[in-house]
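So the structure is just underneath, and the comments pick up after that.
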Amino acid sequence: MRLHVLDCGAMSCDLTWLLLKPGRSIRPRAEKDRPVEWYPCTTHAVLVETAEGTLLWDTSCPRDWETRWVPTGLQEFFPYDQVTEEQYLDVQLGRLGVRPEDLDYVVLSHLHFDHAGNARMFASTGARLVCNDKEKEFAFGFPGAYSGAHLKADYEGLEFETVSGDTELLPGVTLIEAPGHTPGTMAMRVDLPESGTMIFTSDAVYMGDSYGPPATPAAIVNDLAAWYASVEKIRTIAERGDATVIFGHDAEQLWSMRRAPDGFYQ
Ligand SMILES: [Zn+2]
C-alpha cells in the first residue's frame with residue numbers, strides 16, 4: 001500500500017474566508033488599519049495504491065479557472081495563481097507514471113470547484129466517480145449554473161456513484177461522512193502498515209487553526225451545527241486511531257509533508 005500526496009499549488013485568498021479567528025484574521029481596534037492577511041490556500045489530491053485497486057482523492061483546481069469560475073465571481077477572491085506547470089493535477093499524476101485510465105476510483109470529498117475541478121479528466125476512463133449521496137443531491141439540485149463554489153460546469157453530465165454514512169471503499173480506505181462545510185462533505189481515513197492512520201479532512205477542517213480545540217469555523221459553512229459535530233467526530237476517530245490529521249487547505253502543514261513524486265507514505 002502506498003499513499004502519495006499531490007501538491008497542486010495554491011489559490012490566494014483573504015485568510016478571513018478560511019478562519020474566523022479574532023486576533024488573527026479578525027482585527028482588534030489597535031490593528032484596524034492593518035491590511036487583511038492573504039494566505040496561500042494550498043490544494044492537494046491524494047493517490048492511494050492498494051492491492052485491490054487505485055484511488056484518487058479529489059482533483060484540485062482546473063487550468064482554466066480564470067474563465068471557468070467567472071459565473072461565480074470567486075475567481076477574484078480565490079485566484080489559482082500560485083501554481084507551477086508541474087503542479088497541475090495531470091502533470092502530478094504523470095510524474096508518478098499514472099494515467100487517468102489507471103485509476104479504479106476517483107473520490108470527490110465534495111463538489112466545490114477547487115476539489116472537483118478536474119473530475120472531467122476521468123469521464124470516460126473507466127474510473128468510478130464517487131461522492132456522498134447528500135452532496136450529489138445538493139450539487140445537482142439547485143437551480144442555475146452555480147451556488148457558492150458549486151459550479152455545475154465541473155460535474156454536470158458525469159455519472160457519480162454515491163456512498164452514505166461511513167464506508168470502507170477499499171481495504172484500509174474508509175470514507176467518513178463529515179457534513180457542514182457542504183451537505184455531503186467527506187473525510188478519508190487510510191490505515192497504512194508503516195505510517196499508521198492518516199485522516200484527510202478536506203474542507204471539513206481547513207487548517208490546524210480551525211481544528212483547535214476549540215474548533216474555529218470559516219466563512220463558507222452550509223450548516224454550522226453540523227460542521228462543529230463533524231469536527232468533533234473526526235477528532236474522536238483520530239484520537240482512537242492515533243491518526244495523523246491532514247487538513248484541507250493548510251499551507252504550512254502541506255509543505256511539511258512528504259510530497260510526490262519524491263516522497264510517499266506506506
Ligand atoms: Zn469546499
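We name chains A, B, ... following the order of the C-alpha cells; residues begin at 1 in each chain, and ligands are numbered from 1 as shown.
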Could the residues of region 150-219 of chain A that have an atom at most 6 Å from region 116-134 of chain A be listed as JSON lines, each with its closest atom pair and the distance in Å to one decimal, counting only C-alpha atoms and ordered by chain and ascending residue number?
{"residue": "A:Asp154", "atom": "CA", "partner": "A:Gly117", "partner_atom": "CA", "distance": 5.7}
{"residue": "A:Phe160", "atom": "CA", "partner": "A:Leu129", "partner_atom": "CA", "distance": 5.0}
{"residue": "A:Glu161", "atom": "CA", "partner": "A:Val130", "partner_atom": "CA", "distance": 4.8}
{"residue": "A:Thr162", "atom": "CA", "partner": "A:Asp133", "partner_atom": "CA", "distance": 4.9}
{"residue": "A:Val163", "atom": "CA", "partner": "A:Asn132", "partner_atom": "CA", "distance": 4.9}
{"residue": "A:Ser164", "atom": "CA", "partner": "A:Asn132", "partner_atom": "CA", "distance": 5.8}
{"residue": "A:Pro183", "atom": "CA", "partner": "A:Lys134", "partner_atom": "CA", "distance": 5.8}
{"residue": "A:Gly184", "atom": "CA", "partner": "A:Lys134", "partner_atom": "CA", "distance": 4.8}
For the selection just defined, write its residues with C-alpha atoms to a file, as a PDB file, in the first residue's frame.
ATOM      1  CA  ASP A 154     -17.358  20.928 -13.298  1.00  0.00           C
ATOM      2  CA  PHE A 160     -21.483   9.510  -9.870  1.00  0.00           C
ATOM      3  CA  GLU A 161     -21.799   6.524  -7.610  1.00  0.00           C
ATOM      4  CA  THR A 162     -22.781   7.593  -4.122  1.00  0.00           C
ATOM      5  CA  VAL A 163     -21.947   6.440  -0.628  1.00  0.00           C
ATOM      6  CA  SER A 164     -23.819   7.183   2.587  1.00  0.00           C
ATOM      7  CA  PRO A 183     -24.277  18.939   2.775  1.00  0.00           C
ATOM      8  CA  GLY A 184     -22.175  15.910   1.839  1.00  0.00           C
TER       9      GLY A 184
END
Nearby polymer residues, ligand 1, at most 8 Å, only C-alpha atoms and all ligand atoms, as a PyMOL selection string: chain A and resi 110-115+149+181-182+202-203+220
Written file, previous selection with N, CA, C and O atoms, as a compact mmCIF listing (two decimals), in the first residue's frame:
# COMPACT_ATOMS: atom_id res chain seq x y z
N HIS A 110 -16.07 16.57 -1.82
CA HIS A 110 -17.29 17.34 -2.07
C HIS A 110 -17.10 17.95 -3.45
O HIS A 110 -16.05 17.76 -4.07
N LEU A 111 -18.10 18.68 -3.93
CA LEU A 111 -18.05 19.07 -5.35
C LEU A 111 -17.74 20.56 -5.56
O LEU A 111 -18.03 21.11 -6.62
N HIS A 112 -17.11 21.19 -4.60
CA HIS A 112 -16.65 22.57 -4.82
C HIS A 112 -15.61 22.61 -5.95
O HIS A 112 -14.91 21.63 -6.20
N PHE A 113 -15.51 23.79 -6.58
CA PHE A 113 -14.71 23.89 -7.82
C PHE A 113 -13.22 23.68 -7.62
O PHE A 113 -12.50 23.45 -8.59
N ASP A 114 -12.74 23.78 -6.38
CA ASP A 114 -11.32 23.53 -6.14
C ASP A 114 -11.04 22.09 -5.70
O ASP A 114 -9.92 21.75 -5.33
N HIS A 115 -12.06 21.24 -5.77
CA HIS A 115 -11.89 19.82 -5.46
C HIS A 115 -12.37 18.95 -6.63
O HIS A 115 -11.81 17.89 -6.90
N ALA A 149 -19.50 27.93 -4.30
CA ALA A 149 -18.37 27.33 -5.03
C ALA A 149 -18.75 26.01 -5.71
O ALA A 149 -17.88 25.27 -6.16
N HIS A 181 -19.59 21.80 6.08
CA HIS A 181 -19.00 22.68 5.07
C HIS A 181 -19.90 22.70 3.83
O HIS A 181 -20.26 23.75 3.32
N THR A 182 -20.26 21.53 3.37
CA THR A 182 -21.33 21.35 2.37
C THR A 182 -22.21 20.20 2.89
O THR A 182 -21.83 19.51 3.83
N SER A 202 -10.15 17.08 4.04
CA SER A 202 -10.65 18.02 3.04
C SER A 202 -11.22 19.24 3.77
O SER A 202 -10.68 19.66 4.79
N ASP A 203 -12.32 19.79 3.27
CA ASP A 203 -12.80 21.05 3.83
C ASP A 203 -13.68 20.89 5.06
O ASP A 203 -14.24 21.86 5.57
N ILE A 220 -17.37 30.03 4.74
CA ILE A 220 -18.23 29.20 3.89
C ILE A 220 -18.60 27.94 4.67
O ILE A 220 -17.84 26.99 4.74
Notebook entry, point to check: What lies within 6 Å of region 65-79 of chain A using only C-alpha atoms, ignoring chain neighbours under 6 positions off, as number ranges by chain?
Noted result: A: 11-13
Note to self: Could you list, as number ranges by chain, every residue within 9 Å of Thr197 (chain A), counting only C-alpha atoms and ignoring same-chain residues fewer than 4 positions away?
What the structure shows: A: 189-193, 238, 241-245
What separates CA of Glu135 (chain A) and CA of Val106 (chain A) is a distance of 15.0 Å
Taking the DSSP assignment computed from this structure's backbone, write out as a PyMOL selection string all residues of region 12-170 of chain A that belong to strand (DSSP E or B).
chain A and resi 12-14+22+26+38-50+53-57+82+105-107+112+128-132+146-147+150-151+160-163+167-170
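Of the residues under consideration (A:Trp17, A:Phe138, A:Trp38, A:Tyr105), A:Tyr105 shows the shortest atom-to-atom contact distance to Val173 (chain A) when counting only C-alpha atoms.
Counting only C-alpha atoms, the residue from A:Gln92, A:Thr216, A:Gln266, A:Gln87 that sits nearest to Thr16 (chain A) is A:Thr216.
Among the candidate residues A:Leu175, A:Ala219, A:Val231, A:Leu224, the one lying nearest to Leu18 (chain A) is A:Ala219, with distances computed using only C-alpha atoms.
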### Message
Show me, as a ChimeraX atom specification, the residues that have an atom within 6 Å of Asp58 (chain A) when counting only C-alpha atoms, minus same-chain residues fewer than 5 positions from it.
### Response
/A:45,107-108,115
Exercise: Arg2 (chain A) partners within 7 Å, only C-alpha atoms, chain neighbours under 3 positions left out, as an MDAnalysis selection string: chainID A and resid 48:50 264:266
Would you pick out the contacts of Ser256 (chain A) at 12 Å or less, using only C-alpha atoms, so that residues sharing its chain but fewer than 6 positions from it are not included, and give the list as a PyMOL selection string? chain A and resi 5+7+246+250+263
If you count only C-alpha atoms, the residue of A:Met257, A:Leu6, A:Leu47, A:Leu15 closest to Met207 (chain A) turns out to be A:Leu15
Where does DSSP see alpha helix (DSSP H) in region 177-221 of chain A, if you list the residues as a ChimeraX atom specification? /A:208-211
Output N, CA and C atoms for every residue in that selection, as a compact mmCIF listing (two decimals), in the first residue's frame.
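again_1.txt written:
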# COMPACT_ATOMS: atom_id res chain seq x y z
N GLY A 208 -5.01 23.64 10.66
CA GLY A 208 -4.75 23.31 12.06
C GLY A 208 -5.40 24.30 13.00
N ASP A 209 -5.38 25.59 12.62
CA ASP A 209 -6.00 26.62 13.43
C ASP A 209 -7.52 26.44 13.52
N SER A 210 -8.12 25.82 12.49
CA SER A 210 -9.56 25.56 12.52
C SER A 210 -9.89 24.41 13.48
N TYR A 211 -8.98 23.44 13.56
CA TYR A 211 -9.20 22.20 14.30
C TYR A 211 -9.18 22.43 15.81
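Of the residues listed (A:Leu151, A:Ala30, A:Ala229, A:Leu96), A:Leu96 shows the shortest atom-to-atom separation from Asp262 (chain A); distances use only C-alpha atoms.
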